[in-house]
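Text of the file coords04.cif, holding mmCIF, C-alpha atoms:
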```cif
data_upload
loop_
_atom_site.label_atom_id
_atom_site.label_comp_id
_atom_site.auth_asym_id
_atom_site.auth_seq_id
_atom_site.Cartn_x
_atom_site.Cartn_y
_atom_site.Cartn_z
CA MET A 1 -7.35 -35.44 11.16
CA ARG A 2 -8.31 -38.53 13.19
CA SER A 3 -11.27 -36.74 14.80
CA ALA A 4 -12.51 -35.46 11.44
CA VAL A 5 -12.46 -38.98 10.01
CA ASN A 6 -14.12 -40.45 13.09
CA MET A 7 -16.93 -37.89 12.94
CA ASN A 8 -17.55 -38.54 9.26
CA GLN A 9 -17.27 -42.33 9.09
CA GLY A 10 -20.14 -44.10 7.45
CA SER A 11 -21.73 -47.17 8.91
CA GLY A 12 -19.37 -49.75 10.42
CA ALA A 13 -15.82 -49.57 11.63
CA PRO A 14 -13.03 -48.43 9.30
CA SER A 15 -11.29 -51.15 7.31
CA PRO A 16 -7.90 -52.35 8.53
CA ALA A 17 -6.27 -50.80 5.44
CA PHE A 18 -7.86 -47.45 6.21
CA GLN A 19 -6.84 -47.71 9.87
CA ARG A 20 -3.20 -48.38 8.92
CA ALA A 21 -3.21 -45.38 6.56
CA LEU A 22 -4.75 -43.17 9.22
CA GLU A 23 -2.17 -44.21 11.81
CA ALA A 24 0.66 -43.56 9.32
CA ALA A 25 -0.74 -40.12 8.47
CA CYS A 26 -1.19 -39.16 12.12
CA ALA A 27 2.34 -40.36 12.90
CA GLY A 28 3.76 -38.13 10.16
CA ARG A 29 4.71 -40.98 7.82
CA GLY A 30 3.29 -39.20 4.78
CA ALA A 31 4.83 -41.32 2.03
CA GLU A 32 3.58 -44.54 3.64
CA ALA A 33 0.12 -43.08 4.19
CA GLU A 34 -0.08 -41.86 0.59
CA ALA A 35 0.85 -45.25 -0.83
CA LEU A 36 -1.70 -47.04 1.35
CA LEU A 37 -4.44 -44.55 0.50
CA ARG A 38 -3.83 -44.70 -3.25
CA GLU A 39 -4.30 -48.45 -3.09
CA LEU A 40 -7.40 -47.97 -0.95
CA VAL A 41 -9.16 -45.48 -3.26
CA ASP A 42 -8.46 -47.83 -6.17
CA ARG A 43 -10.27 -50.60 -4.28
CA GLU A 44 -12.91 -48.40 -2.63
CA PRO A 45 -13.49 -45.40 -4.94
CA ALA A 46 -16.76 -44.55 -3.16
CA SER A 47 -15.05 -43.98 0.21
CA ALA A 48 -15.28 -40.28 0.99
CA ASP A 49 -13.10 -40.77 4.07
CA ALA A 50 -10.33 -42.36 2.02
CA TRP A 51 -10.36 -39.53 -0.51
CA TYR A 52 -10.40 -36.98 2.33
CA LEU A 53 -7.46 -38.60 4.07
CA LEU A 54 -5.54 -38.89 0.80
CA GLY A 55 -6.18 -35.22 0.01
CA ALA A 56 -5.17 -34.09 3.50
CA THR A 57 -2.02 -36.24 3.35
CA LEU A 58 -1.02 -34.83 -0.05
CA ALA A 59 -1.62 -31.29 1.16
CA SER A 60 0.52 -31.94 4.23
CA ARG A 61 3.30 -32.92 1.82
CA ARG A 62 2.76 -29.63 -0.09
CA GLU A 63 1.24 -31.40 -3.08
CA PHE A 64 -1.68 -29.00 -3.02
CA GLY A 65 -2.98 -29.50 -6.55
CA GLU A 66 -3.31 -33.28 -6.22
CA GLY A 67 -4.58 -32.81 -2.68
CA ALA A 68 -7.35 -30.50 -3.89
CA SER A 69 -8.35 -33.03 -6.57
CA ALA A 70 -8.69 -35.78 -3.97
CA LEU A 71 -10.65 -33.53 -1.62
CA ARG A 72 -13.02 -32.61 -4.45
CA ARG A 73 -13.77 -36.31 -4.81
CA ALA A 74 -14.50 -36.47 -1.07
CA VAL A 75 -17.05 -33.62 -1.10
CA ALA A 76 -18.61 -34.89 -4.30
CA LEU A 77 -19.25 -38.23 -2.58
CA ARG A 78 -20.40 -36.61 0.66
CA PRO A 79 -21.55 -32.98 0.18
CA ASP A 80 -22.04 -32.49 3.95
CA PHE A 81 -18.41 -33.45 4.76
CA HIS A 82 -17.46 -30.31 6.68
CA ALA A 83 -13.80 -31.15 7.34
CA ALA A 84 -13.24 -32.00 3.68
CA TRP A 85 -14.67 -28.65 2.55
CA ARG A 86 -12.39 -26.81 4.93
CA ALA A 87 -9.34 -28.85 3.91
CA LEU A 88 -10.23 -28.30 0.25
CA ALA A 89 -10.40 -24.55 0.80
CA ASN A 90 -6.98 -24.56 2.47
CA ALA A 91 -5.46 -26.53 -0.40
CA LEU A 92 -7.02 -24.16 -2.94
CA ILE A 93 -5.61 -21.16 -1.09
CA ALA A 94 -2.18 -22.73 -1.41
CA THR A 95 -2.67 -23.21 -5.17
CA GLY A 96 -3.78 -19.59 -5.57
CA ASP A 97 -7.35 -20.43 -6.59
CA VAL A 98 -8.83 -17.86 -4.25
CA SER A 99 -12.31 -17.77 -5.76
CA ALA A 100 -12.80 -21.54 -5.39
CA ALA A 101 -11.30 -21.36 -1.89
CA GLN A 102 -13.89 -18.77 -0.91
CA GLU A 103 -16.65 -21.05 -2.14
CA GLY A 104 -15.22 -23.95 -0.12
CA LEU A 105 -15.07 -21.88 3.05
CA GLN A 106 -18.63 -20.69 2.54
CA ARG A 107 -19.78 -24.31 2.20
CA ALA A 108 -17.92 -25.22 5.39
CA MET A 109 -19.58 -22.32 7.23
CA SER A 110 -23.02 -23.26 5.95
CA LEU A 111 -22.54 -26.76 7.35
CA ARG A 112 -21.22 -25.50 10.66
CA PRO A 113 -22.04 -21.83 11.42
CA ASP A 114 -19.87 -21.94 14.55
CA ASP A 115 -16.76 -22.74 12.48
CA LEU A 116 -14.67 -19.75 13.54
CA GLU A 117 -11.57 -20.98 11.73
CA SER A 118 -13.32 -20.96 8.35
CA ARG A 119 -14.85 -17.57 9.09
CA ALA A 120 -11.43 -16.14 9.88
CA SER A 121 -9.92 -17.67 6.73
CA LEU A 122 -12.73 -16.36 4.52
CA ALA A 123 -12.48 -12.89 6.05
CA ALA A 124 -8.73 -12.84 5.45
CA LEU A 125 -9.17 -13.90 1.81
CA LEU A 126 -11.80 -11.25 1.16
CA ASP A 127 -9.73 -8.60 2.92
CA ASN A 128 -6.73 -9.48 0.74
CA GLU A 129 -8.97 -9.27 -2.33
CA GLY A 130 -9.96 -5.78 -1.23
CA LEU A 131 -6.31 -4.79 -0.84
CA ALA A 132 -5.60 -5.99 -4.39
CA HIS A 133 -8.44 -3.84 -5.71
CA PHE A 134 -7.19 -0.88 -3.65
CA THR A 135 -3.65 -1.21 -5.02
CA ALA A 136 -5.06 -1.25 -8.55
CA GLY A 137 -7.10 1.91 -7.87
CA ARG A 138 -10.46 0.09 -7.91
CA PHE A 139 -11.73 1.65 -4.70
CA GLY A 140 -15.40 0.73 -5.16
CA GLU A 141 -14.50 -2.94 -5.60
CA ALA A 142 -12.17 -2.68 -2.60
CA GLU A 143 -15.03 -1.38 -0.47
CA ALA A 144 -17.29 -4.26 -1.53
CA ALA A 145 -14.64 -6.90 -0.75
CA HIS A 146 -13.85 -5.46 2.68
CA ARG A 147 -17.55 -5.34 3.52
CA ARG A 148 -17.85 -9.02 2.57
CA ALA A 149 -14.88 -9.74 4.84
CA LEU A 150 -16.68 -8.02 7.69
CA ALA A 151 -19.84 -10.00 6.95
CA ALA A 152 -17.77 -13.15 7.53
CA LYS A 153 -16.06 -11.79 10.64
CA PRO A 154 -17.59 -8.59 12.04
CA ASP A 155 -15.25 -6.12 13.74
CA LEU A 156 -12.11 -7.61 12.17
CA PRO A 157 -9.68 -4.71 12.77
CA GLU A 158 -7.70 -5.17 9.54
CA ALA A 159 -10.83 -5.21 7.41
CA LEU A 160 -12.24 -2.17 9.21
CA ASN A 161 -8.98 -0.27 8.71
CA ASN A 162 -8.76 -1.23 5.05
CA LEU A 163 -12.42 -0.39 4.47
CA GLY A 164 -11.75 3.01 5.98
CA ASN A 165 -8.84 3.55 3.58
CA ALA A 166 -11.06 2.70 0.61
CA LEU A 167 -13.79 5.05 1.83
CA VAL A 168 -11.28 7.90 2.15
CA LYS A 169 -10.33 7.37 -1.49
CA LEU A 170 -14.04 7.49 -2.34
CA ASP A 171 -14.35 10.89 -0.59
CA ARG A 172 -16.44 9.41 2.20
CA ALA A 173 -14.19 10.36 5.10
CA ASP A 174 -17.09 10.53 7.57
CA GLU A 175 -17.83 6.83 7.01
CA ALA A 176 -14.11 6.05 7.15
CA ILE A 177 -13.86 7.67 10.58
CA ALA A 178 -16.54 5.34 11.91
CA CYS A 179 -14.58 2.33 10.58
CA TYR A 180 -11.31 3.50 12.13
CA ARG A 181 -12.98 4.10 15.49
CA ARG A 182 -14.46 0.58 15.46
CA ALA A 183 -11.04 -0.85 14.64
CA LEU A 184 -9.42 1.13 17.45
CA ALA A 185 -12.04 -0.05 19.92
CA ALA A 186 -10.66 -3.56 19.37
CA THR A 187 -6.97 -2.61 18.94
CA PRO A 188 -6.36 0.74 20.66
CA ASP A 189 -2.57 0.58 20.35
CA ARG A 190 -2.35 0.53 16.55
CA ALA A 191 -0.35 3.61 15.52
CA ASP A 192 -1.20 3.06 11.85
CA ILE A 193 -4.97 3.14 12.48
CA HIS A 194 -4.67 6.28 14.60
CA ALA A 195 -2.73 7.89 11.73
CA ASN A 196 -5.38 6.83 9.21
CA LEU A 197 -8.09 8.27 11.46
CA ALA A 198 -6.15 11.53 11.66
CA PHE A 199 -5.87 11.67 7.88
CA ALA A 200 -9.66 11.30 7.54
CA LEU A 201 -10.26 13.98 10.18
CA ARG A 202 -7.98 16.38 8.31
CA ALA A 203 -9.89 15.64 5.08
CA LEU A 204 -13.03 16.93 6.81
CA GLY A 205 -11.27 20.08 7.95
CA ARG A 206 -11.00 18.96 11.57
CA GLY A 207 -7.36 19.93 11.92
CA ASP A 208 -7.15 20.15 15.71
CA GLU A 209 -8.64 16.65 16.11
CA ALA A 210 -6.32 15.35 13.40
CA LEU A 211 -3.30 16.82 15.14
CA ALA A 212 -4.27 15.28 18.48
CA THR A 213 -4.78 11.91 16.79
CA TYR A 214 -1.38 12.06 15.08
CA ALA A 215 0.08 12.87 18.49
CA ARG A 216 -1.57 9.73 19.88
CA ALA A 217 -0.05 7.66 17.07
CA LEU A 218 3.38 9.06 17.95
CA GLU A 219 2.86 8.24 21.62
CA ILE A 220 2.42 4.63 20.57
CA ASP A 221 5.28 4.67 18.05
CA PRO A 222 7.51 7.78 18.12
CA ARG A 223 9.16 6.67 14.87
CA TYR A 224 5.95 6.13 12.89
CA LEU A 225 6.81 7.86 9.62
CA ASP A 226 3.28 8.58 8.34
CA ALA A 227 2.33 10.31 11.58
CA LEU A 228 5.51 12.40 11.54
CA ASN A 229 5.04 13.45 7.92
CA HIS A 230 1.30 14.02 7.91
CA GLY A 231 1.29 15.53 11.38
CA GLY A 232 3.90 17.96 10.10
CA PHE A 233 1.68 18.78 7.15
CA VAL A 234 -1.28 19.61 9.43
CA LEU A 235 0.97 21.95 11.39
CA GLN A 236 2.19 23.42 8.11
CA GLU A 237 -1.39 24.12 7.05
CA MET A 238 -1.95 25.86 10.38
CA GLY A 239 1.06 28.08 9.84
CA ARG A 240 2.94 26.55 12.78
CA TRP A 241 6.19 26.43 10.85
CA ASP A 242 8.61 25.68 13.68
CA GLU A 243 6.59 22.72 14.96
CA ALA A 244 6.11 21.40 11.42
CA ALA A 245 9.84 21.66 10.74
CA ALA A 246 10.57 19.73 13.94
CA LEU A 247 8.33 16.84 12.87
CA TYR A 248 9.82 16.75 9.37
CA ALA A 249 13.31 16.71 10.89
CA ARG A 250 12.28 13.75 13.07
CA ALA A 251 10.90 12.01 9.97
CA LEU A 252 14.25 12.43 8.24
CA GLU A 253 16.00 10.94 11.26
CA VAL A 254 13.78 7.87 10.88
CA ASP A 255 14.14 7.74 7.09
CA PRO A 256 16.84 10.00 5.63
CA GLY A 257 15.54 9.15 2.15
CA SER A 258 11.96 10.36 2.78
CA ALA A 259 11.32 12.67 -0.16
CA TYR A 260 7.99 13.77 1.32
CA ALA A 261 9.64 14.96 4.55
CA ALA A 262 12.54 16.62 2.75
CA TYR A 263 10.32 18.48 0.29
CA ASN A 264 7.93 19.72 2.95
CA LEU A 265 10.82 20.73 5.21
CA ALA A 266 12.05 22.81 2.27
CA LEU A 267 8.69 24.56 1.96
CA VAL A 268 8.47 25.22 5.70
CA SER A 269 12.04 26.56 5.64
CA PHE A 270 11.08 28.99 2.87
CA PHE A 271 8.16 30.23 4.93
CA ARG A 272 10.60 30.76 7.81
CA HIS A 273 13.00 32.58 5.46
CA ASP A 274 15.58 29.90 6.17
CA PHE A 275 16.71 29.54 2.57
CA ALA A 276 20.06 27.94 3.42
CA THR A 277 18.15 24.97 4.85
CA GLY A 278 15.34 25.03 2.31
CA TRP A 279 17.09 24.98 -1.04
CA PRO A 280 19.07 21.73 -0.59
CA PHE A 281 15.95 19.90 0.64
CA TYR A 282 13.95 21.36 -2.27
CA GLU A 283 15.83 18.98 -4.58
CA ALA A 284 13.60 16.23 -3.16
CA ARG A 285 10.75 17.53 -5.36
CA TYR A 286 11.98 15.18 -8.09
CA ARG A 287 11.69 12.13 -5.79
CA THR A 288 8.23 12.53 -4.30
CA ASP A 289 5.55 10.04 -5.37
CA PRO A 290 4.19 11.34 -7.66
CA PRO A 291 6.99 13.82 -8.37
CA VAL A 292 6.17 17.46 -7.68
CA THR A 293 7.93 18.09 -10.97
CA GLY A 294 9.90 15.91 -13.37
CA ASP A 295 13.68 16.07 -13.50
CA ARG A 296 14.76 17.13 -16.98
CA HIS A 297 18.03 15.14 -16.86
CA LEU A 298 19.81 17.72 -19.01
CA ALA A 299 23.40 17.11 -20.01
CA ILE A 300 24.35 20.49 -18.55
CA PRO A 301 26.06 20.42 -15.12
CA ARG A 302 24.01 21.78 -12.25
CA LEU A 303 24.96 25.27 -11.10
CA THR A 304 26.50 25.39 -7.62
CA ALA A 305 27.72 28.26 -5.43
CA SER A 306 31.32 27.33 -6.24
CA ASP A 307 30.61 27.84 -9.97
CA ARG A 308 29.74 31.53 -9.62
CA PRO A 309 33.23 33.00 -10.22
CA LYS A 310 33.77 31.03 -13.42
CA VAL A 311 30.31 30.46 -14.92
CA ARG A 312 29.65 32.14 -18.28
CA ARG A 313 26.08 31.13 -19.07
CA VAL A 314 23.27 29.46 -17.18
CA ALA A 315 20.28 27.44 -18.45
CA ILE A 316 17.10 28.11 -16.45
CA TRP A 317 14.24 25.75 -17.16
CA LEU A 318 10.51 25.77 -16.48
CA GLU A 319 9.10 23.57 -13.72
CA GLN A 320 5.95 25.15 -12.32
CA GLY A 321 2.99 27.15 -13.57
CA ILE A 322 2.76 30.75 -14.73
CA GLY A 323 2.54 32.16 -11.21
CA ASP A 324 5.77 30.50 -10.10
CA CYS A 325 7.47 31.52 -13.34
CA ILE A 326 6.71 35.15 -12.58
CA LEU A 327 7.63 34.80 -8.90
CA TYR A 328 11.00 33.13 -9.44
CA SER A 329 11.88 35.44 -12.33
CA THR A 330 12.35 38.16 -9.72
CA VAL A 331 15.73 36.65 -8.75
CA LEU A 332 17.08 36.73 -12.30
CA PRO A 333 18.18 40.39 -12.18
CA GLU A 334 20.74 39.21 -9.63
CA LEU A 335 22.34 37.01 -12.29
CA GLU A 336 22.17 39.90 -14.72
CA ALA A 337 23.85 42.19 -12.19
CA ARG A 338 26.69 39.68 -11.83
CA ALA A 339 27.16 39.77 -15.62
CA ILE A 340 26.15 36.12 -15.93
CA ASP A 341 24.46 35.35 -19.25
CA PHE A 342 21.52 32.95 -19.22
CA VAL A 343 18.85 31.27 -21.34
CA LEU A 344 15.40 31.39 -19.72
CA GLU A 345 12.80 28.76 -20.61
CA THR A 346 9.28 29.87 -19.73
CA ASP A 347 5.63 29.40 -20.60
CA ALA A 348 4.94 30.48 -24.19
CA ARG A 349 2.37 32.99 -22.93
CA LEU A 350 5.06 34.87 -20.98
CA VAL A 351 7.79 35.07 -23.64
CA ALA A 352 6.70 38.40 -25.12
CA ALA A 353 6.18 40.01 -21.72
CA PHE A 354 9.63 38.98 -20.50
CA LYS A 355 11.27 40.19 -23.70
CA ARG A 356 9.56 43.58 -23.42
CA ALA A 357 10.52 43.97 -19.76
CA HIS A 358 14.09 42.66 -20.20
CA PRO A 359 15.28 43.15 -23.78
CA ARG A 360 18.76 41.78 -23.06
CA TRP A 361 17.48 38.44 -21.74
CA ARG A 362 17.37 35.41 -24.00
CA VAL A 363 13.88 34.01 -23.44
CA GLU A 364 12.60 30.81 -25.08
CA ALA A 365 9.33 28.89 -24.99
CA GLN A 366 9.53 25.22 -23.97
CA ARG A 367 9.45 23.92 -27.55
CA SER A 368 12.55 25.89 -28.54
CA ALA A 369 14.46 25.85 -25.25
CA ARG A 370 16.31 22.56 -25.68
CA PRO A 371 18.28 23.68 -28.78
CA ALA A 372 19.12 26.88 -26.94
CA PHE A 373 20.31 24.89 -23.93
CA ASP A 374 22.43 22.69 -26.20
CA SER A 375 24.06 25.73 -27.80
CA ASN A 376 24.58 27.06 -24.28
CA ARG A 377 26.49 23.84 -23.42
CA ARG A 378 28.74 24.13 -26.48
CA SER A 379 29.56 27.81 -25.99
#
```
Give the structure from this file in structure tokens form.
Amino acid sequence: MRSAVNMNQGSGAPSPAFQRALEAACAGRGAEAEALLRELVDREPASADAWYLLGATLASRREFGEGASALRRAVALRPDFHAAWRALANALIATGDVSAAQEGLQRAMSLRPDDLESRASLAALLDNEGLAHFTAGRFGEAEAAHRRALAAKPDLPEALNNLGNALVKLDRADEAIACYRRALAATPDRADIHANLAFALRALGRGDEALATYARALEIDPRYLDALNHGGFVLQEMGRWDEAAALYARALEVDPGSAYAAYNLALVSFFRHDFATGWPFYEARYRTDPPVTGDRHLAIPRLTASDRPKVRRVAIWLEQGIGDCILYSTVLPELEARAIDFVLETDARLVAAFKRAHPRWRVEAQRSARPAFDSNRRS
């Protein structure tokens, strides 16, 4: 603070009142400095240094709004006051006025192009703006903000990584890969960036490269959940069921509540004909984000293996498309063979076909299934 004031003093030595305020501020006696400076700006309202020191003192006491007002007076009186522009930007960041803070940082950089601190602050603000756009699904705006961040601070790893994520969402995985590689050149031990690079490689059909890159992420962090889950999915796509299942199992050790890992472990278990493992994990389909299918939350108790000897009627509801309806209907004759009555909800286009093939089945379209289920519960 003292050096900034000394560099920006006008002609002549500072007044004794200003010197006392400066010494109090530098010694951490904020209340004393504030009182002295308020008196000083009343007497000398054209003193940019006094307004700057008052604003900086107020900001140091977390009075950011008043501090910003005082700092605005300082830069209005002396537009080339670099330290005041930077202090104003910092105060505005604290108040949440990000747009005005960006303008202040840009003014500070224009006055002193070698101001690395302002460049870093501006890049961080713009990168955060890009993340906000990304979260809201505005991927084009996210790309623009991250590119502005990189204009302020080229090769900033966070901005490169986040720009890559936006480009993936814009179906420009080839450009995203270039961003991830630049980020990794600066920070080679970032498991998350390796995993993002692998995701982009998979999007371009480069499965072997993706798998090797996920493996590198797991070398850095063996518990990195995204690499375990998505690496498992690449193996799943390759038909390497046992290896995929092993990664999903590791993911569930890291996060037992991971719906993604549980659901995909169920699918891999089905491919391996390990139905005893698969069916319990298949319940995770309701918890994926977005859900694979919505839970109907029916008032009817779920059927379990222990219910088989005593169950009288079962409600079977629709979850998937026509193909899955036909596929899973092939297990229903087993219920029929056990003399278990049931109500089958299915796609309206299949009702007639099911009734012709199985005249004894009670088959309902979705719109009429709920009353049938309710009567099933009362019977």
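Closest to Arg312 of chain A among A:Asp155, A:Thr346, A:Ala339, A:Ala31 is A:Ala339, based on all atoms listed in the file.
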Quiz prompt | Residue list as a list in words for point (12.7, 19.2, -13.4), cut-off 12 Å, all atoms listed in the file | solution = Tyr282, Glu283, Ala284, Arg285, Tyr286, Arg287, Pro291, Val292, Thr293, Gly294, Asp295, Arg296, His297, Leu298, Arg302, Ile316, Trp317, Leu318, Glu319, Gln320 and Glu345 of chain A
Exercise. Apply the PyMOL selection byres ((chain A and resi 86-92) around 6) to the structure shown and report the selected residues as a PyMOL selection string.
Key: chain A and resi 64+68+71+83-85+93-95+97+101+104-105+108
Convert the current residue selection to file output with C-alpha atoms, as an mmCIF file, in the frame of the given file.
```
data_model
loop_
_atom_site.group_PDB
_atom_site.id
_atom_site.type_symbol
_atom_site.label_atom_id
_atom_site.label_comp_id
_atom_site.auth_asym_id
_atom_site.auth_seq_id
_atom_site.Cartn_x
_atom_site.Cartn_y
_atom_site.Cartn_z
ATOM 1 C CA PHE A 64 -1.680 -29.000 -3.020
ATOM 2 C CA ALA A 68 -7.350 -30.500 -3.890
ATOM 3 C CA LEU A 71 -10.650 -33.530 -1.620
ATOM 4 C CA ALA A 83 -13.800 -31.150 7.340
ATOM 5 C CA ALA A 84 -13.240 -32.000 3.680
ATOM 6 C CA TRP A 85 -14.670 -28.650 2.550
ATOM 7 C CA ILE A 93 -5.610 -21.160 -1.090
ATOM 8 C CA ALA A 94 -2.180 -22.730 -1.410
ATOM 9 C CA THR A 95 -2.670 -23.210 -5.170
ATOM 10 C CA ASP A 97 -7.350 -20.430 -6.590
ATOM 11 C CA ALA A 101 -11.300 -21.360 -1.890
ATOM 12 C CA GLY A 104 -15.220 -23.950 -0.120
ATOM 13 C CA LEU A 105 -15.070 -21.880 3.050
ATOM 14 C CA ALA A 108 -17.920 -25.220 5.390
#
```
Self-check item: Chain and number of each residue from the PyMOL selection byres ((chain A and resi 190-200) around 9), as JSON, numbers by chain
Solution: {"A": [161, 164, 165, 168, 172, 173, 174, 176, 177, 178, 179, 180, 181, 183, 184, 187, 188, 189, 201, 202, 203, 204, 205, 206, 207, 209, 210, 211, 212, 213, 214, 215, 216, 217, 218, 219, 220, 221, 224, 226, 227, 230, 231]}
Quiz item: Expressed in Å to a single decimal, how great is the separation between atom CA of Pro113 of chain A and atom CA of Ala142 of chain A?
Solution: 25.7 Å
Self-check item: Interatomic distance (Å, one decimal) between atom CA of Ala185 of chain A and atom CA of Glu129 of chain A
Solution: 24.3 Å
Exercise. Kindly indicate which residue among A:Arg147, A:Arg138, A:His273, A:Arg107 lies nearest to Leu126 of chain A, using all atoms listed in the file for the distances.
Key: A:Arg147
Practice problem: Fewer than 6 positions away in the same chain doesn't count, so skip those; otherwise give me all residues within 9 Å of segment 263-272 of chain A, counting only C-alpha atoms, as a ChimeraX atom specification. | Solution: /A:229,232-233,236,239,241-242,244-249,278-285,287-288
Hey, can I get the axis-aligned box for segment 359-367 of chain A? All listed atoms, 4 Å padding on each side, centre and edge lengths in Å to one decimal, as lines of an AutoDock Vina configuration file.
```
center_x = 14.0
center_y = 33.5
center_z = -24.6
size_x = 17.4
size_y = 27.2
size_z = 13.8
```
Practice problem: Go through the shown structure with the PyMOL selection byres ((chain A and resi 60) around 12) and write out the matching residues as JSON, numbers by chain. | Solution: {"A": [1, 25, 26, 28, 29, 30, 31, 33, 34, 53, 54, 55, 56, 57, 58, 59, 61, 62, 63, 64, 65, 66, 67, 68, 87, 90, 91, 94]}
Self-check item: Straight-line distance linking atom CA of Glu364 of chain A with atom CA of Ala299 of chain A, stated in Å to one decimal
Solution: 18.2 Å
Quiz item: Any idea what's packed within 10 Å of Phe354 of chain A, counting all atoms listed in the file, ignoring anything in its chain fewer than 3 positions away? Could you give it as a PyMOL selection string?
Solution: chain A and resi 326+329+344+346+349-351+357-364
Quiz item: Nearest to Asp255 of chain A among A:Leu225, A:Ala144, A:Val98, A:Ala70, with distances taken over all atoms listed in the file: which residue is it?
Solution: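 Smallest separation from Asp255 of chain A among the options: A:Leu225.
Closest to Asp115 of chain A among A:His82, A:Thr135, A:Ala21, A:Pro45 is A:His82, based on all atoms listed in the file.
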